[in-house]
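> Questions regarding the structure given below will be posed in turn.
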Amino acid sequence: MEFLKIINPGVLSTIQDLGRKGYQQYGIPVSGAMDPFALQAANLLVGNQRDEAGIEITYPGFEAEILNDCIIAVTGGDLGAKINGTYIPRWKSIYVTKGSRISFDRLCEGCRCYLAVGGGIQVPSVLGSKSTYLRGGFGGYKGRKLQKDDVLYTSPDNAQYFKYAGRRLPVKDIPKYRSPFKIRVILGPQHEHFTPESINTFLSEPYVVGEKSDRMGYRLEGPKLEHVAGADIISDGVPLGAIQVPGHGNPIIMLADRQTTGGYTKIATVISVDISLLAQCKPGDKIFFEEISIEEAHQLLRYQEQVLKQISEMVKLSEDRKFIITVQGEKFYVTVEEWK
Amino acid sequence: MYPHAKYLLAGDQNIVVEIGNDISIDIHKKVRGLFIALTKISGDEIIEVIPTYRSLLVHYNPLLISSHELIRKIKKIEESLEDMELPPARVVKIPVLYGGEYGPDLEFVAQYNHLTPDEVISIHCSRDYLVYMLGFTPGFCYLGGMSAEIATPRLAEPRTNIPAGSVGIAGNQTGMYPIDSPGGWRIIGRTPVRLFTPENEKQPVLMQAGDYIRYYPITLEEYQFIQKAIEENRYRIEVDSIKKEV
């Protein structure tokens, strides 16, 4: 069933899920949502499986016509999401009627947001994923970014998701995206290739996200880092969030569309939960790195897991508080909430 | 090769298992053995493994297993590796149309090494190249074993687009471009064989780490014949299964 038609795709809008798994051994990048927390939350808010595909919208400008009644959620950066000219809340699932216009018109916080629809987005799965890999030209919608007049489809039984309207992320769990960002890292795998002074500099001085940053990686500008004996290593695997430092001394953080292998020393690796935060940094934003232990990183990951689980359990409590009211032939889906 | 592998943390979801710090057949053999053993472990604790020249990157799910437990598990496998018999290596035969518009740098490679183009072709085809690892782009093979007689430096100015299937030389390495991409390799020929097929979920790339490549020269007619056979889905690549040292 038709979900929406693109009126304006904005700077860069692509279909992304949680990426391809198991194909890096063949040199095939993972891709997937840059901000995996926001995508998973968006999916759970509309009642999808958390690894369903959504639209990753980078910067304001995106505009589309909703082609059928559906339930949607917008999460991640605040790009000024509007339905028919009225701002809508992020991190909350809402019911939208056929013919509505969704638009994003100002950059308030972060730089990319996720639009999920109850029933998911129907594009062919390539190598086990709906994610778009732009450089390879495969996955997502025809292997490319969305363009004007593209029509996206959702599941024909999308009405079964209407009951999830009103789900929201508790305010305390809504991430804030404000520069300067504190990004936590675990040192290594090649931190021993750097001078102790450089490790100190890396963990204390601010770095600025450079203009040449994209889904593959963020190039940082700041104090240069020095190697003990050369910047090159025998090529090895590059994990998500690896901070590699080529000979010029400026760090590059490897992200969703990164190459699977590389030959530069890696001073540190961003912890899983802060990948999402990092994904909302835009060129010009400041970053401070902070070292933490792997135990702390795992603790934070478990907490994030709980937050996501709570969203999926939310509906069971309030399912019986949802009603359909018909006014002069027009259907409205309403939720009765307690006033506190 | 280190007496025992080094285990390095790479964030909170990945561990590097480093076998040594150079490129050698022995290290490759251990990487391959460990890779095969790790991919046989059932369950969701290990998400995926990337084998490389001298290490493996193990991506795990920390909600299911701690890094300590995982390292203990891998160390145990490492100990039993000596007794493990590796499956025979595949030798994949790759047809190449050398020279002309498909191999614009063949003449240069010949001149640079004081050889004739035919001599370059015969040297390039005389050895089996071990696929140490895949990376860089989907299906790109890092090969070892090229003769120093045809080594040639890269282009000073990389080309903006090299067609998929191009076979080239960069320094003392040879390799092929699985997809159209920019690059600075000296292109000596092209294969009609598709090296990356994203629509094939089971085997999206032709080559795998541990395989060998054997190039053989073909004529333009043969190139077109194979190309047509591929389009009609009736081309079968020639593969030998031989017991190599690896």
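Starting from 1 in every chain, residues are counted up; chains themselves are A, B, ... following the order of the structure tokens, and ligands are numbered from 1 as listed.
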Please tabulate, as a tab-separated table, the residues of chain A that come within 9 Å of chain B, each with its closest pair of atoms and the distance in Å to one decimal, counting only C-alpha atoms and ordering rows by chain, then residue number upward.

```
residue	atom	partner	partner_atom	distance
A:Lys21	CA	B:Glu48	CA	7.0
A:Gly22	CA	B:Glu48	CA	5.3
A:Tyr23	CA	B:Glu48	CA	8.1
A:Gln24	CA	B:Ile50	CA	6.1
A:Gln25	CA	B:Ile50	CA	4.6
A:Tyr26	CA	B:Leu134	CA	5.4
A:Gly27	CA	B:Gly135	CA	3.9
A:Ile28	CA	B:Pro138	CA	4.5
A:Pro29	CA	B:Pro138	CA	7.5
A:Val126	CA	B:Glu199	CA	6.5
A:Leu127	CA	B:Glu201	CA	5.1
A:Gly128	CA	B:Glu201	CA	7.4
A:Gly136	CA	B:Ile179	CA	7.8
A:Phe138	CA	B:Pro198	CA	7.6
A:Gly139	CA	B:Pro198	CA	9.0
A:Val185	CA	B:Gly11	CA	7.1
A:Ile186	CA	B:Gly11	CA	5.3
A:Leu187	CA	B:Gly11	CA	7.5
A:Gly188	CA	B:Ala10	CA	5.8
A:Pro189	CA	B:Ala10	CA	5.1
A:Gln190	CA	B:Leu8	CA	8.3
A:Ile233	CA	B:Asn21	CA	8.7
A:Ile234	CA	B:Asp22	CA	7.2
A:Ser235	CA	B:Tyr53	CA	7.0
A:Asp236	CA	B:Thr52	CA	5.4
A:Gly237	CA	B:Leu57	CA	5.4
A:Val238	CA	B:Leu57	CA	7.8
A:Pro239	CA	B:Asn14	CA	6.8
A:Leu240	CA	B:Gly11	CA	8.5
A:Gly241	CA	B:Gly11	CA	7.7
A:Ala242	CA	B:Ala10	CA	7.4
A:Gln259	CA	B:Phe136	CA	5.7
A:Thr260	CA	B:Gly135	CA	5.7
A:Thr261	CA	B:Gly135	CA	5.3
A:Gly262	CA	B:Phe136	CA	7.4
A:Lys266	CA	B:Ala10	CA	8.7
A:Ala268	CA	B:Ala10	CA	7.3
A:Thr269	CA	B:Gly11	CA	4.7
A:Val270	CA	B:Gly11	CA	6.2
A:Ile271	CA	B:Gly11	CA	5.7
A:Ser272	CA	B:Asp12	CA	6.6
A:Ser293	CA	B:Asp12	CA	8.9
A:Ile294	CA	B:Asp12	CA	5.7
A:Glu295	CA	B:Asp12	CA	8.4
A:Ala297	CA	B:Asp12	CA	6.3
A:His298	CA	B:Pro62	CA	6.7
A:Leu301	CA	B:Leu63	CA	8.0
A:Arg302	CA	B:Leu63	CA	6.9
A:Glu305	CA	B:Leu63	CA	8.9
```
> According to DSSP computed on the backbone, where in segment 126-206 of chain A is there strand (DSSP E or B)? Give the residues as a PyMOL selection string.
chain A and resi 126+129+133+138+151-153+168+181-187+194
> Residues of the last selection are to be written out with all heavy atoms, as a CSV table (one decimal), in the first residue's frame.

```
chain,number,residue,atom,x,y,z
A,126,VAL,N,18.3,-6.5,0.1
A,126,VAL,CA,19.5,-6.9,-0.7
A,126,VAL,C,20.6,-7.3,0.4
A,126,VAL,O,20.9,-6.6,1.3
A,126,VAL,CB,20.1,-5.7,-1.5
A,126,VAL,CG1,21.4,-6.1,-2.2
A,126,VAL,CG2,19.1,-5.2,-2.5
A,129,SER,N,19.3,-6.9,4.0
A,129,SER,CA,19.0,-5.6,4.6
A,129,SER,C,18.3,-4.7,3.6
A,129,SER,O,18.6,-4.8,2.4
A,129,SER,CB,20.3,-5.0,5.1
A,129,SER,OG,20.2,-3.6,5.3
A,133,TYR,N,23.2,1.5,0.3
A,133,TYR,CA,24.6,1.8,0.3
A,133,TYR,C,24.9,2.6,-0.9
A,133,TYR,O,25.0,2.1,-2.0
A,133,TYR,CB,25.4,0.4,0.3
A,133,TYR,CG,26.9,0.7,0.2
A,133,TYR,CD1,27.6,1.6,1.0
A,133,TYR,CD2,27.7,-0.1,-0.7
A,133,TYR,CE1,29.0,1.8,0.9
A,133,TYR,CE2,29.1,0.1,-0.8
A,133,TYR,CZ,29.7,1.1,0.0
A,133,TYR,OH,31.0,1.3,-0.2
A,138,PHE,N,23.5,0.0,-4.2
A,138,PHE,CA,22.5,-1.1,-4.0
A,138,PHE,C,21.9,-0.9,-2.6
A,138,PHE,O,22.3,-0.2,-1.8
A,138,PHE,CB,23.1,-2.5,-4.2
A,138,PHE,CG,24.3,-2.8,-3.2
A,138,PHE,CD1,24.0,-3.3,-2.0
A,138,PHE,CD2,25.6,-2.6,-3.6
A,138,PHE,CE1,25.0,-3.7,-1.1
A,138,PHE,CE2,26.6,-2.9,-2.7
A,138,PHE,CZ,26.3,-3.4,-1.5
A,151,VAL,N,7.7,7.1,-4.9
A,151,VAL,CA,6.6,6.7,-4.1
A,151,VAL,C,7.0,5.5,-3.2
A,151,VAL,O,7.6,4.5,-3.8
A,151,VAL,CB,5.3,6.3,-4.9
A,151,VAL,CG1,4.2,5.7,-4.0
A,151,VAL,CG2,4.8,7.5,-5.7
A,152,LEU,N,6.9,5.6,-1.9
A,152,LEU,CA,7.3,4.5,-1.0
A,152,LEU,C,6.0,3.8,-0.6
A,152,LEU,O,5.0,4.4,-0.4
A,152,LEU,CB,8.0,5.1,0.2
A,152,LEU,CG,9.3,5.8,-0.1
A,152,LEU,CD1,9.9,6.3,1.2
A,152,LEU,CD2,10.3,4.9,-0.8
A,153,TYR,N,6.2,2.4,-0.4
A,153,TYR,CA,5.1,1.6,0.0
A,153,TYR,C,5.3,1.1,1.4
A,153,TYR,O,6.4,0.9,1.9
A,153,TYR,CB,4.9,0.4,-1.0
A,153,TYR,CG,4.4,0.8,-2.3
A,153,TYR,CD1,5.2,1.5,-3.2
A,153,TYR,CD2,3.1,0.5,-2.7
A,153,TYR,CE1,4.7,1.9,-4.5
A,153,TYR,CE2,2.5,0.9,-3.9
A,153,TYR,CZ,3.3,1.6,-4.8
A,153,TYR,OH,2.8,2.0,-6.0
A,168,ARG,N,5.0,7.1,23.4
A,168,ARG,CA,6.1,8.1,23.4
A,168,ARG,C,7.2,7.7,24.3
A,168,ARG,O,7.1,6.9,25.2
A,168,ARG,CB,5.5,9.5,23.9
A,168,ARG,CG,5.0,9.4,25.4
A,168,ARG,CD,4.7,10.7,25.9
A,168,ARG,NE,3.5,11.3,25.4
A,168,ARG,CZ,3.0,12.5,25.6
A,168,ARG,NH1,3.8,13.3,26.4
A,168,ARG,NH2,1.9,12.9,25.2
A,181,PHE,N,29.8,18.3,22.2
A,181,PHE,CA,29.3,17.0,22.5
A,181,PHE,C,30.4,16.2,23.3
A,181,PHE,O,31.6,16.4,23.0
A,181,PHE,CB,29.1,16.2,21.2
A,181,PHE,CG,27.9,16.6,20.5
A,181,PHE,CD1,27.9,17.7,19.7
A,181,PHE,CD2,26.7,15.8,20.5
A,181,PHE,CE1,26.8,18.1,19.0
A,181,PHE,CE2,25.6,16.2,19.8
A,181,PHE,CZ,25.6,17.3,19.0
A,182,LYS,N,30.0,15.5,24.3
A,182,LYS,CA,30.9,14.6,25.0
A,182,LYS,C,30.8,13.2,24.4
A,182,LYS,O,29.7,12.6,24.5
A,182,LYS,CB,30.6,14.6,26.5
A,182,LYS,CG,31.6,13.8,27.3
A,182,LYS,CD,31.2,13.7,28.8
A,182,LYS,CE,30.1,12.7,29.0
A,182,LYS,NZ,29.7,12.6,30.4
A,183,ILE,N,31.8,12.7,23.8
A,183,ILE,CA,31.8,11.4,23.2
A,183,ILE,C,32.7,10.5,24.0
A,183,ILE,O,33.9,10.7,24.1
A,183,ILE,CB,32.2,11.5,21.7
A,183,ILE,CG1,31.2,12.4,20.9
A,183,ILE,CG2,32.2,10.1,21.1
A,183,ILE,CD1,29.8,11.9,20.8
A,184,ARG,N,32.1,9.4,24.5
A,184,ARG,CA,33.0,8.4,25.3
A,184,ARG,C,33.6,7.4,24.4
A,184,ARG,O,33.0,6.9,23.4
A,184,ARG,CB,32.1,7.8,26.4
A,184,ARG,CG,31.7,8.9,27.4
A,184,ARG,CD,30.5,8.5,28.2
A,184,ARG,NE,29.3,8.4,27.4
A,184,ARG,CZ,28.1,8.3,27.9
A,184,ARG,NH1,28.0,8.1,29.2
A,184,ARG,NH2,27.1,8.3,27.1
A,185,VAL,N,34.9,7.1,24.7
A,185,VAL,CA,35.6,6.1,23.9
A,185,VAL,C,36.3,5.1,24.8
A,185,VAL,O,36.5,5.3,26.0
A,185,VAL,CB,36.7,6.8,23.0
A,185,VAL,CG1,36.1,7.8,22.1
A,185,VAL,CG2,37.8,7.5,23.9
A,186,ILE,N,36.7,4.0,24.2
A,186,ILE,CA,37.6,3.0,24.8
A,186,ILE,C,38.9,3.1,24.0
A,186,ILE,O,38.8,3.1,22.7
A,186,ILE,CB,37.0,1.6,24.7
A,186,ILE,CG1,35.8,1.5,25.6
A,186,ILE,CG2,38.0,0.5,25.1
A,186,ILE,CD1,35.0,0.3,25.5
A,187,LEU,N,40.0,3.3,24.6
A,187,LEU,CA,41.3,3.4,23.9
A,187,LEU,C,41.6,2.1,23.1
A,187,LEU,O,41.2,1.0,23.6
A,187,LEU,CB,42.4,3.8,24.8
A,187,LEU,CG,42.5,5.2,25.3
A,187,LEU,CD1,43.7,5.4,26.2
A,187,LEU,CD2,42.5,6.2,24.2
A,194,PHE,N,50.8,5.7,19.5
A,194,PHE,CA,50.8,7.2,19.7
A,194,PHE,C,51.6,7.6,20.9
A,194,PHE,O,51.7,6.8,21.8
A,194,PHE,CB,49.3,7.7,19.8
A,194,PHE,CG,48.5,7.5,18.6
A,194,PHE,CD1,47.8,6.2,18.4
A,194,PHE,CD2,48.4,8.4,17.7
A,194,PHE,CE1,47.1,6.0,17.3
A,194,PHE,CE2,47.6,8.2,16.5
A,194,PHE,CZ,47.0,7.0,16.3
```
> Within 6 Å of segment 169-178 of chain A, counting only C-alpha atoms, which residues qualify if same-chain residues fewer than 2 places away don't, as a list of chain:residue names?
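These residues fall inside the cut-off: A:Trp91, A:Glu109, A:Gly110.
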> Which distance in Å separates atom CA of Pro95 of chain B and atom CA of Arg236 of chain B, to one decimal?
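Calculated distance between atom CA of Pro95 of chain B and atom CA of Arg236 of chain B is 11.9 Å.
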> Nearest to Gly210 of chain A: which of A:Ile253, A:Gly247, A:Ile267, A:Val11 is it, counting only C-alpha atoms?
A:Ile253
> Using only C-alpha atoms, which residues sit within 8 Å of segment 71-80 of chain A once same-chain residues fewer than 5 positions away are excluded, as an MDAnalysis selection string?
chainID A and resid 35 38:39 41:43 45:46 59:60 87 89:96 103:118 161:162 164:165 177 280
> Can you tell me which residues surround Asn68 of chain A at a distance of at most 8 Å, considering only C-alpha atoms, apart from same-chain residues fewer than 5 positions away, and format the answer as a PyMOL selection string?
chain A and resi 1-4+97-99
> Next, the residues of the selection above should be written as a short mmCIF file (atom, residue, chain, number, x, y, z; two decimals), in the first residue's frame with C-alpha atoms.

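part-v7.cif, freshly written:
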```
data_model
loop_
_atom_site.label_atom_id
_atom_site.label_comp_id
_atom_site.auth_asym_id
_atom_site.auth_seq_id
_atom_site.Cartn_x
_atom_site.Cartn_y
_atom_site.Cartn_z
CA MET A 1 0.00 0.00 0.00
CA GLU A 2 1.23 3.49 -0.86
CA PHE A 3 2.75 5.33 2.07
CA LEU A 4 4.03 8.62 0.72
CA THR A 97 -4.57 10.96 7.51
CA LYS A 98 -4.37 10.52 3.77
CA GLY A 99 -3.52 13.70 1.90
#
```
> Please return as a ChimeraX atom specification: the residues of segment 31-245 of chain B that backbone DSSP assigns to alpha helix (DSSP H).
/B:31-40,67-80,106-112,117-124,220-231
> Hey, can you check how far atom CA of His193 of chain A sits from atom CA of Ile243 of chain A?
13.0 Å
> Within 9 Å of Phe37 of chain A, counting only C-alpha atoms, which residues qualify if same-chain residues fewer than 5 places away don't, as a PDB file with N, CA, C and O atoms, in the first residue's frame?

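Written out: selection.pdb:
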```
ATOM      1  N   ALA A  42      12.041   4.895  16.791  1.00  0.00           N
ATOM      2  CA  ALA A  42      10.973   5.255  15.846  1.00  0.00           C
ATOM      3  C   ALA A  42      10.147   4.023  15.480  1.00  0.00           C
ATOM      4  O   ALA A  42       8.914   4.055  15.474  1.00  0.00           O
ATOM      5  N   GLY A  76      15.100  11.329  16.589  1.00  0.00           N
ATOM      6  CA  GLY A  76      16.432  11.818  16.237  1.00  0.00           C
ATOM      7  C   GLY A  76      16.490  13.329  16.296  1.00  0.00           C
ATOM      8  O   GLY A  76      15.843  13.950  17.146  1.00  0.00           O
ATOM      9  N   VAL A 273      26.745   3.226  22.589  1.00  0.00           N
ATOM     10  CA  VAL A 273      25.613   4.135  22.811  1.00  0.00           C
ATOM     11  C   VAL A 273      25.909   5.556  22.326  1.00  0.00           C
ATOM     12  O   VAL A 273      24.982   6.304  22.026  1.00  0.00           O
ATOM     13  N   ILE A 275      27.495   6.309  19.551  1.00  0.00           N
ATOM     14  CA  ILE A 275      27.464   6.379  18.085  1.00  0.00           C
ATOM     15  C   ILE A 275      26.258   7.213  17.662  1.00  0.00           C
ATOM     16  O   ILE A 275      26.329   8.046  16.759  1.00  0.00           O
ATOM     17  N   SER A 276      25.132   7.001  18.357  1.00  0.00           N
ATOM     18  CA  SER A 276      23.902   7.721  18.017  1.00  0.00           C
ATOM     19  C   SER A 276      24.056   9.219  18.236  1.00  0.00           C
ATOM     20  O   SER A 276      23.593  10.033  17.442  1.00  0.00           O
ATOM     21  N   LEU A 277      24.714   9.572  19.330  1.00  0.00           N
ATOM     22  CA  LEU A 277      24.946  10.974  19.649  1.00  0.00           C
ATOM     23  C   LEU A 277      25.844  11.604  18.569  1.00  0.00           C
ATOM     24  O   LEU A 277      25.573  12.689  18.049  1.00  0.00           O
ATOM     25  N   GLN A 304      20.391   1.384  27.726  1.00  0.00           N
ATOM     26  CA  GLN A 304      19.723   1.767  26.485  1.00  0.00           C
ATOM     27  C   GLN A 304      18.763   0.668  26.010  1.00  0.00           C
ATOM     28  O   GLN A 304      17.678   0.939  25.510  1.00  0.00           O
ATOM     29  N   LEU A 308      14.648   0.923  25.252  1.00  0.00           N
ATOM     30  CA  LEU A 308      13.986   0.457  24.035  1.00  0.00           C
ATOM     31  C   LEU A 308      12.916  -0.592  24.354  1.00  0.00           C
ATOM     32  O   LEU A 308      11.838  -0.593  23.777  1.00  0.00           O
TER      33      LEU A 308
END
```
> Between atom CA of His114 of chain B and atom CA of Ile150 of chain B, what distance in Å does the model show, to one decimal?
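For atom CA of His114 of chain B relative to atom CA of Ile150 of chain B, the distance reads 9.3 Å.
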> If we count only C-alpha atoms and set the cut-off at 10 Å, which residues sit around Pro104 of chain B, ignoring sequence neighbours fewer than 5 positions away in its own chain? Please answer as a PyMOL selection string.
chain B and resi 98-99+109+186-189
> Mind writing the picked residues with C-alpha atoms as a PDB file, in the first residue's frame?

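Saved as part-v9.pdb:
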```pdb
ATOM      1  CA  TYR B  98      44.937  -8.384 -21.849  1.00  0.00           C
ATOM      2  CA  GLY B  99      45.977  -5.117 -23.484  1.00  0.00           C
ATOM      3  CA  VAL B 109      54.137  -2.115 -17.609  1.00  0.00           C
ATOM      4  CA  ARG B 186      48.038   0.164 -13.851  1.00  0.00           C
ATOM      5  CA  ILE B 187      45.309  -1.603 -15.779  1.00  0.00           C
ATOM      6  CA  ILE B 188      46.644  -4.462 -17.910  1.00  0.00           C
ATOM      7  CA  GLY B 189      43.431  -6.275 -18.806  1.00  0.00           C
TER       8      GLY B 189
END
```
